>>> print(open('work-v8.txt').read())   # compact mmCIF, C-alpha atoms
# COMPACT_ATOMS: atom_id res chain seq x y z
CA PHE A 1 44.12 8.56 -42.45
CA CYS A 2 40.94 6.98 -43.71
CA SER A 3 37.82 9.02 -44.30
CA LYS A 4 34.49 7.53 -43.27
CA SER A 5 31.89 6.95 -45.93
CA PRO A 6 28.51 8.57 -45.31
CA ASP A 7 26.92 5.12 -44.97
CA SER A 8 29.27 4.16 -42.12
CA VAL A 9 28.28 7.03 -39.84
CA PRO A 10 24.88 5.60 -38.70
CA ILE A 11 26.50 2.21 -38.17
CA LEU A 12 29.22 3.71 -35.99
CA ARG A 13 26.67 5.73 -34.07
CA ARG A 14 24.60 2.61 -33.36
CA ALA A 15 27.71 0.72 -32.32
CA VAL A 16 28.62 3.46 -29.84
CA MET A 17 25.09 3.41 -28.41
CA VAL A 18 25.14 -0.38 -28.04
CA PHE A 19 28.56 -0.24 -26.37
CA ALA A 20 27.31 2.43 -23.94
CA SER A 21 24.24 0.36 -23.09
CA VAL A 22 26.29 -2.79 -22.49
CA THR A 23 28.74 -0.82 -20.34
CA ARG A 24 25.90 0.53 -18.20
CA LEU A 25 24.41 -2.93 -17.73
CA MET A 26 27.77 -4.38 -16.70
CA ARG A 27 28.10 -1.77 -13.96
CA ARG A 28 27.20 -2.92 -10.41
CA PRO A 29 26.47 0.20 -8.35
CA ALA A 30 26.57 0.05 -4.57
CA ALA A 31 23.10 -0.24 -3.03
CA ILE A 32 21.70 -0.47 0.48
CA PHE A 33 18.28 -1.64 1.65
CA LEU A 34 17.96 0.30 4.90
CA ASN A 35 15.23 -1.83 6.51
CA SER A 36 15.13 -5.13 4.64
CA SER A 37 13.59 -6.99 7.59
CA ARG A 38 10.36 -5.07 7.08
CA LEU A 39 10.02 -7.24 3.96
CA ASN A 40 12.08 -10.28 4.86
CA TYR A 41 11.00 -10.77 8.46
CA ASP A 42 10.69 -14.54 7.89
CA GLU A 43 13.89 -14.81 5.81
CA ALA A 44 11.85 -16.43 3.04
CA LEU A 45 12.62 -13.97 0.23
CA ASP A 46 15.12 -14.26 -2.61
CA PHE A 47 17.32 -11.18 -3.12
CA SER A 48 19.69 -12.87 -5.59
CA ARG A 49 18.64 -10.79 -8.58
CA LEU A 50 19.21 -7.57 -6.65
CA SER A 51 22.61 -8.92 -5.61
CA ARG A 52 23.52 -9.63 -9.22
CA LEU A 53 22.52 -6.13 -10.31
CA THR A 54 24.19 -4.25 -7.46
CA ASN A 55 26.78 -4.50 -4.76
CA LEU A 56 23.99 -4.97 -2.23
CA THR A 57 23.97 -4.33 1.52
CA LEU A 58 20.93 -5.60 3.43
CA ASN A 59 20.45 -3.80 6.73
CA ASN A 60 18.40 -6.41 8.58
CA VAL A 61 16.21 -4.19 10.74
CA ASP A 62 12.49 -3.41 10.58
CA ALA A 63 13.00 0.37 10.77
CA MET A 64 15.48 3.11 11.59
CA THR A 65 14.29 6.23 13.37
CA SER A 66 17.45 8.27 13.82
CA ALA A 67 18.31 10.60 10.94
CA ASP A 68 21.97 10.42 11.94
CA GLU A 69 21.97 6.62 11.88
CA ILE A 70 20.25 6.58 8.48
CA ALA A 71 22.80 8.98 7.03
CA GLU A 72 25.68 7.06 8.60
CA LYS A 73 24.50 3.76 7.07
CA VAL A 74 24.19 5.33 3.63
CA ILE A 75 27.60 7.00 3.87
CA SER A 76 29.38 3.88 5.11
CA SER A 77 27.91 1.77 2.31
CA ASP A 78 29.06 4.27 -0.36
CA ALA A 79 25.61 3.71 -1.83
CA GLU A 80 24.41 5.07 -5.14
CA ILE A 81 21.02 3.43 -4.60
CA VAL A 82 19.03 3.61 -1.33
CA THR A 83 15.96 1.42 -0.84
CA THR A 84 13.42 1.60 1.99
CA LYS A 85 10.07 0.02 2.81
CA GLU A 86 7.48 2.23 4.57
CA MET A 87 10.16 3.89 6.67
CA GLU A 88 10.36 7.63 7.20
CA VAL A 89 13.55 9.06 5.78
CA HIS A 90 13.93 12.42 7.49
CA ALA A 91 14.88 15.46 5.45
CA SER A 92 17.81 15.96 7.81
CA ALA A 93 19.07 12.51 6.79
CA VAL A 94 18.76 13.19 3.06
CA GLU A 95 20.62 16.47 3.53
CA LYS A 96 23.57 14.44 4.81
CA PHE A 97 23.53 11.90 1.97
CA PRO A 98 26.75 11.97 -0.06
CA SER A 99 26.69 13.07 -3.69
CA THR A 100 27.08 9.41 -4.68
CA VAL A 101 23.37 8.81 -3.98
CA LYS A 102 21.44 9.09 -7.25
CA LEU A 103 18.39 6.88 -6.72
CA MET A 104 15.97 6.28 -3.84
CA CYS A 105 13.61 3.33 -4.20
CA GLU A 106 10.45 3.11 -2.13
CA ALA A 107 9.75 -0.63 -2.03
CA GLY A 108 6.04 0.02 -2.07
CA THR A 109 3.36 2.33 -3.38
CA GLY A 110 3.19 5.26 -0.94
CA PHE A 111 6.13 7.66 -0.98
CA ASN A 112 4.95 10.25 1.56
CA ASN A 113 7.75 9.02 3.86
CA ILE A 114 10.44 10.44 1.53
CA PRO A 115 11.10 14.20 1.11
CA ILE A 116 10.83 14.04 -2.67
CA ALA A 117 11.25 17.78 -3.32
CA LEU A 118 14.47 17.82 -1.32
CA ALA A 119 15.66 14.70 -3.12
CA ARG A 120 14.99 16.35 -6.46
CA SER A 121 16.94 19.44 -5.43
CA ARG A 122 19.90 17.18 -4.63
CA GLY A 123 19.73 15.36 -7.95
CA ILE A 124 18.28 12.17 -6.46
CA ASN A 125 15.58 10.35 -8.43
CA VAL A 126 12.81 8.77 -6.34
CA VAL A 127 10.88 5.79 -7.70
CA ASN A 128 8.12 3.62 -6.27
CA ILE A 129 6.21 0.44 -7.16
CA PRO A 130 2.56 1.30 -7.74
CA THR A 131 1.04 -2.10 -8.57
CA TYR A 132 2.80 -4.88 -6.67
CA SER A 133 0.03 -5.58 -4.13
CA THR A 134 -3.15 -4.91 -6.09
CA GLU A 135 -4.69 -8.37 -5.77
CA SER A 136 -3.41 -8.92 -2.23
CA VAL A 137 -4.95 -5.68 -0.91
CA ALA A 138 -8.18 -6.37 -2.80
CA HIS A 139 -8.34 -9.81 -1.18
CA MET A 140 -7.80 -8.17 2.21
CA VAL A 141 -10.95 -6.09 1.67
CA ILE A 142 -12.92 -9.20 0.76
CA THR A 143 -11.48 -11.05 3.76
CA TYR A 144 -12.88 -8.38 6.06
CA ILE A 145 -16.25 -8.48 4.30
CA MET A 146 -16.53 -12.26 4.57
CA ASN A 147 -15.53 -12.22 8.23
CA PHE A 148 -17.94 -9.42 9.10
CA SER A 149 -20.84 -11.14 7.31
CA ALA A 150 -20.37 -14.30 9.38
CA ALA A 151 -19.34 -12.57 12.65
CA MET A 152 -16.14 -14.60 12.60
CA PHE A 153 -14.12 -12.07 14.61
CA GLN A 154 -16.70 -11.97 17.39
CA GLN A 155 -17.11 -15.75 17.48
CA ALA A 156 -13.36 -16.31 17.66
CA LYS A 157 -13.10 -13.87 20.56
CA MET A 158 -15.92 -15.61 22.44
CA LEU A 159 -14.20 -18.97 22.14
CA HIS A 160 -10.87 -17.46 23.15
CA ASP A 161 -12.57 -16.09 26.26
CA GLY A 162 -14.11 -19.50 27.04
CA ASP A 163 -17.61 -18.38 26.03
CA GLN A 164 -19.48 -21.21 24.23
CA LYS A 165 -22.96 -19.67 24.20
CA ASN A 166 -23.02 -19.46 20.39
CA PHE A 167 -23.21 -23.27 20.27
CA TYR A 168 -26.51 -23.17 22.15
CA VAL A 169 -28.18 -19.82 21.44
CA PHE A 170 -26.53 -17.89 18.63
CA GLN A 171 -25.58 -14.36 19.65
CA HIS A 172 -24.70 -12.45 16.47
CA PRO A 173 -26.48 -11.34 13.28
CA ILE A 174 -24.99 -13.02 10.21
CA TYR A 175 -26.09 -12.72 6.60
CA GLU A 176 -25.30 -13.43 2.97
CA ILE A 177 -23.33 -10.86 1.03
CA THR A 178 -25.17 -11.50 -2.23
CA GLY A 179 -27.08 -8.35 -3.05
CA LYS A 180 -25.27 -6.25 -0.46
CA LYS A 181 -23.92 -2.86 -1.51
CA LEU A 182 -20.17 -2.28 -1.40
CA GLY A 183 -19.13 1.36 -1.57
CA LEU A 184 -15.64 1.91 -2.95
CA ILE A 185 -13.94 5.22 -2.18
CA GLY A 186 -11.31 5.49 -4.88
CA GLY A 187 -13.16 2.71 -6.64
CA SER A 188 -12.16 3.63 -10.17
CA GLY A 189 -8.47 3.14 -9.37
CA THR A 190 -6.40 0.00 -9.74
CA ILE A 191 -7.08 -1.50 -6.30
CA GLY A 192 -10.72 -0.41 -6.17
CA THR A 193 -11.27 -2.06 -9.54
CA ALA A 194 -9.58 -5.24 -8.29
CA VAL A 195 -11.93 -5.27 -5.28
CA ALA A 196 -14.88 -5.05 -7.68
CA ASP A 197 -13.39 -7.91 -9.71
CA VAL A 198 -13.84 -10.20 -6.69
CA ALA A 199 -17.02 -8.69 -5.21
CA LEU A 200 -19.12 -8.78 -8.38
CA PRO A 201 -18.95 -12.59 -8.83
CA LEU A 202 -20.03 -12.87 -5.20
CA GLY A 203 -23.24 -11.07 -6.16
CA MET A 204 -22.47 -7.72 -4.57
CA GLU A 205 -23.55 -4.38 -5.99
CA ILE A 206 -20.79 -1.80 -6.38
CA LEU A 207 -21.11 1.91 -5.62
CA ILE A 208 -18.25 4.18 -6.67
CA SER A 209 -17.91 7.83 -5.73
CA SER A 210 -16.95 10.27 -8.45
CA ARG A 211 -17.16 14.04 -8.71
CA SER A 212 -17.68 13.78 -12.45
CA GLY A 213 -20.58 11.37 -11.95
CA LYS A 214 -19.06 8.75 -14.24
CA LEU A 215 -16.18 6.35 -14.55
CA PRO A 216 -13.16 7.23 -16.69
CA LYS A 217 -13.69 6.61 -20.39
CA GLY A 218 -12.88 3.01 -21.22
CA HIS A 219 -13.03 1.77 -17.61
CA LYS A 220 -13.88 -1.95 -17.59
CA TYR A 221 -17.02 -1.38 -15.50
CA GLU A 222 -18.21 1.73 -17.33
CA ASP A 223 -21.48 0.07 -18.46
CA HIS A 224 -21.78 -2.75 -15.94
CA PRO A 225 -25.35 -3.15 -14.63
CA LYS A 226 -24.18 -3.87 -11.06
CA VAL A 227 -21.78 -0.90 -10.88
CA LYS A 228 -23.18 2.54 -10.14
CA VAL A 229 -21.40 5.89 -9.79
CA VAL A 230 -22.93 7.98 -7.00
CA PRO A 231 -22.17 11.11 -4.96
CA LEU A 232 -20.02 10.46 -1.90
CA ASP A 233 -22.84 11.17 0.56
CA GLU A 234 -25.05 8.61 -1.16
CA LEU A 235 -22.25 6.06 -1.04
CA PHE A 236 -21.92 6.47 2.73
CA SER A 237 -25.65 6.44 3.41
CA THR A 238 -26.61 3.41 1.31
CA SER A 239 -23.63 1.02 1.42
CA ASP A 240 -23.53 -2.07 3.60
CA PHE A 241 -19.74 -1.98 3.47
CA VAL A 242 -17.56 1.06 2.74
CA SER A 243 -14.02 0.33 1.59
CA VAL A 244 -11.35 3.05 1.49
CA ASN A 245 -9.09 2.56 -1.53
CA CYS A 246 -7.95 6.09 -2.40
CA PRO A 247 -4.41 7.48 -2.05
CA LEU A 248 -3.37 9.69 0.86
CA ASN A 249 -2.77 13.30 -0.14
CA ASP A 250 -3.60 16.78 1.13
CA GLU A 251 -7.15 16.45 -0.17
CA THR A 252 -7.91 13.03 1.32
CA ARG A 253 -6.14 13.39 4.69
CA HIS A 254 -8.78 13.10 7.47
CA SER A 255 -11.47 13.32 4.78
CA ILE A 256 -13.56 10.62 6.49
CA GLY A 257 -14.76 11.66 9.91
CA ALA A 258 -17.82 11.87 12.12
CA ARG A 259 -19.95 13.53 9.45
CA GLU A 260 -19.43 10.71 6.97
CA ILE A 261 -19.60 7.88 9.52
CA ARG A 262 -22.87 9.17 10.98
CA MET A 263 -24.39 8.94 7.49
CA MET A 264 -23.77 5.19 7.43
CA LYS A 265 -26.36 2.58 8.30
CA PRO A 266 -26.11 1.17 11.85
CA THR A 267 -25.61 -2.30 10.34
CA SER A 268 -22.77 -1.22 8.05
CA PHE A 269 -19.01 -1.66 8.26
CA LEU A 270 -16.08 0.62 7.39
CA ILE A 271 -12.91 -0.99 5.98
CA ASN A 272 -9.59 0.79 5.45
CA THR A 273 -6.75 -0.92 3.59
CA ALA A 274 -5.38 2.31 2.08
CA ARG A 275 -3.68 4.76 4.46
CA GLY A 276 -4.67 5.30 8.08
CA ALA A 277 -4.59 9.09 7.92
CA ILE A 278 -7.44 9.19 5.40
CA ILE A 279 -9.74 8.61 8.38
CA ASN A 280 -9.96 11.06 11.27
CA GLU A 281 -9.24 8.45 13.91
CA SER A 282 -10.33 10.43 16.96
CA GLU A 283 -13.74 11.00 15.37
CA LEU A 284 -13.95 7.35 14.32
CA ILE A 285 -13.18 6.24 17.87
CA GLN A 286 -15.96 8.40 19.26
CA CYS A 287 -18.43 7.03 16.70
CA MET A 288 -17.41 3.47 17.54
CA LYS A 289 -17.87 4.13 21.26
CA GLU A 290 -21.40 5.25 20.41
CA LYS A 291 -21.86 2.18 18.15
CA VAL A 292 -22.89 4.39 15.24
CA ILE A 293 -21.98 1.56 12.84
CA ALA A 294 -21.62 -2.18 13.32
CA GLY A 295 -17.86 -2.31 13.01
CA ALA A 296 -14.64 -1.05 11.48
CA GLY A 297 -11.82 -3.12 10.01
CA LEU A 298 -8.53 -1.25 9.87
CA ASP A 299 -5.54 -2.83 8.20
CA THR A 300 -3.88 0.59 8.24
CA GLN A 301 -3.71 3.15 11.03
CA GLU A 302 -2.34 6.69 11.08
CA VAL A 303 0.41 5.56 13.47
CA GLU A 304 1.43 1.94 13.05
CA PRO A 305 1.10 0.36 15.48
CA PRO A 306 -1.32 2.63 17.35
CA HIS A 307 -0.12 4.11 20.63
CA PRO A 308 -0.34 1.54 23.47
CA GLU A 309 -2.98 3.70 25.15
CA SER A 310 -5.10 4.11 22.02
CA ASP A 311 -8.78 3.29 22.43
CA PHE A 312 -8.51 1.22 19.27
CA TRP A 313 -7.10 -1.62 21.37
CA LYS A 314 -10.11 -1.56 23.71
CA LEU A 315 -13.06 -1.23 21.34
CA GLU A 316 -14.85 -4.52 20.66
CA ASN A 317 -16.29 -3.26 17.38
CA VAL A 318 -12.94 -2.17 15.91
CA PHE A 319 -10.82 -4.91 14.36
CA LEU A 320 -7.16 -4.19 13.70
CA THR A 321 -4.65 -6.01 11.55
CA PRO A 322 -0.98 -4.95 11.35
CA HIS A 323 -0.98 -3.67 7.75
CA ILE A 324 -0.89 -7.18 6.31
CA GLY A 325 -2.53 -6.39 2.98
CA TRP A 326 0.90 -6.45 1.31
CA ARG A 327 2.56 -9.08 3.51
CA ARG A 328 1.58 -12.31 1.76
CA LEU A 329 4.66 -14.26 0.69
CA GLU A 330 4.04 -13.98 -3.03
CA THR A 331 3.33 -10.27 -2.74
CA ARG A 332 6.57 -9.59 -0.90
CA GLN A 333 8.64 -11.57 -3.40
CA ARG A 334 6.94 -9.69 -6.22
CA LEU A 335 7.92 -6.48 -4.46
CA VAL A 336 11.59 -7.53 -4.35
CA ASP A 337 11.47 -8.49 -8.03
CA MET A 338 9.80 -5.21 -9.06
CA THR A 339 12.35 -3.26 -7.03
CA ALA A 340 14.97 -5.06 -9.09
CA ASP A 341 13.08 -4.00 -12.24
CA ASN A 342 13.28 -0.35 -11.16
CA ILE A 343 16.99 -0.62 -10.41
CA GLU A 344 17.76 -2.46 -13.64
CA SER A 345 15.96 0.26 -15.61
CA TYR A 346 17.95 2.92 -13.76
CA ILE A 347 21.24 1.18 -14.54
CA ALA A 348 20.22 0.98 -18.20
CA GLY A 349 19.50 4.72 -18.23
CA ARG A 350 15.71 4.34 -18.46
CA ILE A 351 14.22 5.41 -15.13
CA GLN A 352 10.70 4.07 -14.57
CA ASN A 353 8.05 4.83 -11.92
CA LEU A 354 9.62 8.20 -11.19
CA VAL A 355 7.65 10.23 -8.61
CA ASN A 356 9.75 13.40 -8.42
>>> encode(input="work-v8.txt", output="structure tokens")
Amino acid sequence: FCSKSPDSVPILRRAVMVFASVTRLMRRPAAIFLNSSRLNYDEALDFSRLSRLTNLTLNNVDAMTSADEIAEKVISSDAEIVTTKEMEVHASAVEKFPSTVKLMCEAGTGFNNIPIALARSRGINVVNIPTYSTESVAHMVITYIMNFSAAMFQQAKMLHDGDQKNFYVFQHPIYEITGKKLGLIGGSGTIGTAVADVALPLGMEILISSRSGKLPKGHKYEDHPKVKVVPLDELFSTSDFVSVNCPLNDETRHSIGAREIRMMKPTSFLINTARGAIINESELIQCMKEKVIAGAGLDTQEVEPPHPESDFWKLENVFLTPHIGWRRLETRQRLVDMTADNIESYIAGRIQNLVN
């Protein structure tokens, strides 16, 4: 029997910790991506790192709607890790998950499609990826602004319909965006700030709504001469473009409706690249029928896609895109890689981006 010297104890303790860390990293837990085709619809993405980290099952569908089918897929894969992309995971499905499930990864920013309180009660950690699409979504806002300022949507539709009048007598108002006011709802956040990063060099003036009347201490545009913090009503009434960049929660759901839209200038445009349910769509539709504002660009809708009978499809001053702000190739690959970051951290015992 050999007694340990006092000096050897810390060394042994460190050795045990290192061994435990290496053991965790060598482990390859079972994982399933329940709707991988939502991301990899063009089969252009590289999942090799995820495959090295886990025993990975890719369920190549865009979405699953049946709670029973979701639960069955998770059970049959023996998954410890369940990943989804913008797909509702019903509480009744999570209730049927086996005890092997310890981590749910939302491959995106919003996690309102996962019953996080229920997951917590079942010992399941839920993580998301808050920053993967910042630049891409910001560029989507600017894309709408540039198209609206040159009436590109309307001109493309005319040509598609065989109407060439614009080549003889121009039909639409177009204008420079230099000096135009861009109102950012949620403008002090990551994406709103990224929108300002692009808009300011284009000569736009930025209005940001804030209850406190000021930007957070240390914000990069805190003292910028072209950035002004204003009350929300002033933002709506004076902006040439209003961009929605805030998160969806109980406070923001349907927070933009007829009252706010009727404050806007008749030449102004409303752009939503955040979450569709932030806007009261029935009130927006009525305002657009009355041509209260010049147009609305909606990359997100409350139900995606809108119901086939929705008036959104019929209104010539509403321009829809199928939630493509995050769909650029580089953005999607970044999302896969950052999902791997979350899973690698979990395996190492250091959970990051936890939301529950």
>>> residues_around(input="work-v8.txt", residues="region 82-90 of chain A", least_positions_apart="4", cutoff="9 Å", atoms="all atoms listed in the file", output="VMD selection string")
chain A and resid 30 to 36 38 to 39 62 to 67 70 74 94 to 95 101 to 115 339
>>> write_last_selection(input="work-v8.txt", atoms="C-alpha atoms", output="mmCIF file, in the frame of the given file")
data_model
loop_
_atom_site.group_PDB
_atom_site.id
_atom_site.type_symbol
_atom_site.label_atom_id
_atom_site.label_comp_id
_atom_site.auth_asym_id
_atom_site.auth_seq_id
_atom_site.Cartn_x
_atom_site.Cartn_y
_atom_site.Cartn_z
ATOM 1 C CA ALA A 30 26.570 0.050 -4.570
ATOM 2 C CA ALA A 31 23.100 -0.240 -3.030
ATOM 3 C CA ILE A 32 21.700 -0.470 0.480
ATOM 4 C CA PHE A 33 18.280 -1.640 1.650
ATOM 5 C CA LEU A 34 17.960 0.300 4.900
ATOM 6 C CA ASN A 35 15.230 -1.830 6.510
ATOM 7 C CA SER A 36 15.130 -5.130 4.640
ATOM 8 C CA ARG A 38 10.360 -5.070 7.080
ATOM 9 C CA LEU A 39 10.020 -7.240 3.960
ATOM 10 C CA ASP A 62 12.490 -3.410 10.580
ATOM 11 C CA ALA A 63 13.000 0.370 10.770
ATOM 12 C CA MET A 64 15.480 3.110 11.590
ATOM 13 C CA THR A 65 14.290 6.230 13.370
ATOM 14 C CA SER A 66 17.450 8.270 13.820
ATOM 15 C CA ALA A 67 18.310 10.600 10.940
ATOM 16 C CA ILE A 70 20.250 6.580 8.480
ATOM 17 C CA VAL A 74 24.190 5.330 3.630
ATOM 18 C CA VAL A 94 18.760 13.190 3.060
ATOM 19 C CA GLU A 95 20.620 16.470 3.530
ATOM 20 C CA VAL A 101 23.370 8.810 -3.980
ATOM 21 C CA LYS A 102 21.440 9.090 -7.250
ATOM 22 C CA LEU A 103 18.390 6.880 -6.720
ATOM 23 C CA MET A 104 15.970 6.280 -3.840
ATOM 24 C CA CYS A 105 13.610 3.330 -4.200
ATOM 25 C CA GLU A 106 10.450 3.110 -2.130
ATOM 26 C CA ALA A 107 9.750 -0.630 -2.030
ATOM 27 C CA GLY A 108 6.040 0.020 -2.070
ATOM 28 C CA THR A 109 3.360 2.330 -3.380
ATOM 29 C CA GLY A 110 3.190 5.260 -0.940
ATOM 30 C CA PHE A 111 6.130 7.660 -0.980
ATOM 31 C CA ASN A 112 4.950 10.250 1.560
ATOM 32 C CA ASN A 113 7.750 9.020 3.860
ATOM 33 C CA ILE A 114 10.440 10.440 1.530
ATOM 34 C CA PRO A 115 11.100 14.200 1.110
ATOM 35 C CA THR A 339 12.350 -3.260 -7.030
#
>>> residues_around(input="work-v8.txt", residues="Ile116 (chain A)", least_positions_apart="4", cutoff="8 Å", atoms="only C-alpha atoms", output="PyMOL selection string")
chain A and resi 120+126+355-356
>>> atom_distance(input="work-v8.txt", atom1="CA of Pro231 (chain A)", atom2="CA of Ile271 (chain A)")
18.8 Å
>>> closest_residue(input="work-v8.txt", among="A:Leu284, A:Met204, A:Leu248, A:Ile324", to="Arg262 (chain A)", atoms="all atoms listed in the file")
A:Leu284
>>> residues_near_point(input="work-v8.txt", point="(-15.9, 4.0, 20.8)", cutoff="12 Å", atoms="only C-alpha atoms", output="VMD selection string")
chain A and resid 258 281 to 296 310 to 318
>>> residues_around(input="work-v8.txt", residues="Arg327 (chain A)", least_positions_apart="3", cutoff="9 Å", atoms="only C-alpha atoms", output="list in words")
Leu39, Ser133, Ser136, His323, Ile324, Glu330, Thr331 and Arg332 of chain A
>>> closest_residue(input="work-v8.txt", among="A:Glu72, A:Val227, A:Leu270, A:Ile278", to="Glu251 (chain A)", atoms="all atoms listed in the file")
A:Ile278
>>> atom_distance(input="work-v8.txt", atom1="CA of Phe167 (chain A)", atom2="CA of Lys265 (chain A)")
28.7 Å
>>> residues_around(input="work-v8.txt", residues="Gln301 (chain A)", least_positions_apart="3", cutoff="7 Å", atoms="only C-alpha atoms", output="list in words")
Arg275, Gly276, Ala277, Leu298, Glu304 and Pro306 of chain A
>>> closest_residue(input="work-v8.txt", among="A:Leu58, A:Leu50, A:Met152, A:Ile191", to="Tyr175 (chain A)", atoms="all atoms listed in the file")
A:Met152
>>> atom_distance(input="work-v8.txt", atom1="CA of Val169 (chain A)", atom2="CA of Pro266 (chain A)")
23.2 Å
>>> residues_near_point(input="work-v8.txt", point="(-19.1, 1.6, 0.9)", cutoff="9 Å", atoms="only C-alpha atoms", output="count of residues only")
23
>>> closest_residue(input="work-v8.txt", among="A:Asp337, A:Gly349, A:Ala150, A:Tyr168", to="Ser51 (chain A)", atoms="all atoms listed in the file")
A:Asp337
>>> closest_residue(input="work-v8.txt", among="A:Met140, A:Cys246, A:Ala91, A:Gly213", to="Leu118 (chain A)", atoms="only C-alpha atoms")
A:Ala91
>>> closest_residue(input="work-v8.txt", among="A:Leu45, A:Ile145, A:His172, A:Leu320", to="Met158 (chain A)", atoms="only C-alpha atoms")
A:His172
>>> decode(input="work-v8.txt", residues="region 138-155 of chain A", atoms="N, CA and C atoms", output="short mmCIF file (atom, residue, chain, number, x, y, z; two decimals), in the first residue's frame")
data_model
loop_
_atom_site.label_atom_id
_atom_site.label_comp_id
_atom_site.auth_asym_id
_atom_site.auth_seq_id
_atom_site.Cartn_x
_atom_site.Cartn_y
_atom_site.Cartn_z
N ALA A 138 -30.50 40.58 -42.77
CA ALA A 138 -30.30 42.02 -42.99
C ALA A 138 -30.26 42.33 -44.48
N HIS A 139 -29.60 41.49 -45.25
CA HIS A 139 -29.54 41.71 -46.70
C HIS A 139 -30.91 41.53 -47.34
N MET A 140 -31.74 40.67 -46.74
CA MET A 140 -33.10 40.51 -47.27
C MET A 140 -33.89 41.80 -47.12
N VAL A 141 -33.74 42.47 -45.98
CA VAL A 141 -34.40 43.76 -45.77
C VAL A 141 -33.97 44.76 -46.85
N ILE A 142 -32.66 44.84 -47.05
CA ILE A 142 -32.13 45.78 -48.04
C ILE A 142 -32.58 45.40 -49.45
N THR A 143 -32.68 44.11 -49.73
CA THR A 143 -33.16 43.66 -51.04
C THR A 143 -34.57 44.19 -51.30
N TYR A 144 -35.44 44.09 -50.30
CA TYR A 144 -36.79 44.63 -50.45
C TYR A 144 -36.75 46.13 -50.68
N ILE A 145 -35.93 46.84 -49.89
CA ILE A 145 -35.86 48.29 -50.03
C ILE A 145 -35.41 48.69 -51.43
N MET A 146 -34.38 48.04 -51.93
CA MET A 146 -33.86 48.38 -53.26
C MET A 146 -34.89 48.08 -54.35
N ASN A 147 -35.59 46.96 -54.20
CA ASN A 147 -36.60 46.62 -55.19
C ASN A 147 -37.78 47.58 -55.15
N PHE A 148 -38.22 47.93 -53.93
CA PHE A 148 -39.33 48.88 -53.82
C PHE A 148 -38.95 50.24 -54.41
N SER A 149 -37.73 50.70 -54.17
CA SER A 149 -37.33 52.04 -54.61
C SER A 149 -37.27 52.14 -56.14
N ALA A 150 -37.07 51.02 -56.81
CA ALA A 150 -37.01 51.02 -58.27
C ALA A 150 -38.21 50.34 -58.91
N ALA A 151 -39.24 50.03 -58.12
CA ALA A 151 -40.45 49.38 -58.62
C ALA A 151 -40.14 48.12 -59.43
N MET A 152 -39.13 47.38 -58.97
CA MET A 152 -38.70 46.19 -59.72
C MET A 152 -39.77 45.10 -59.73
N PHE A 153 -40.45 44.91 -58.59
CA PHE A 153 -41.49 43.88 -58.55
C PHE A 153 -42.58 44.17 -59.57
N GLN A 154 -43.04 45.42 -59.57
CA GLN A 154 -44.13 45.80 -60.47
C GLN A 154 -43.71 45.69 -61.94
N GLN A 155 -42.48 46.11 -62.23
CA GLN A 155 -42.01 46.06 -63.61
C GLN A 155 -41.87 44.61 -64.09
#
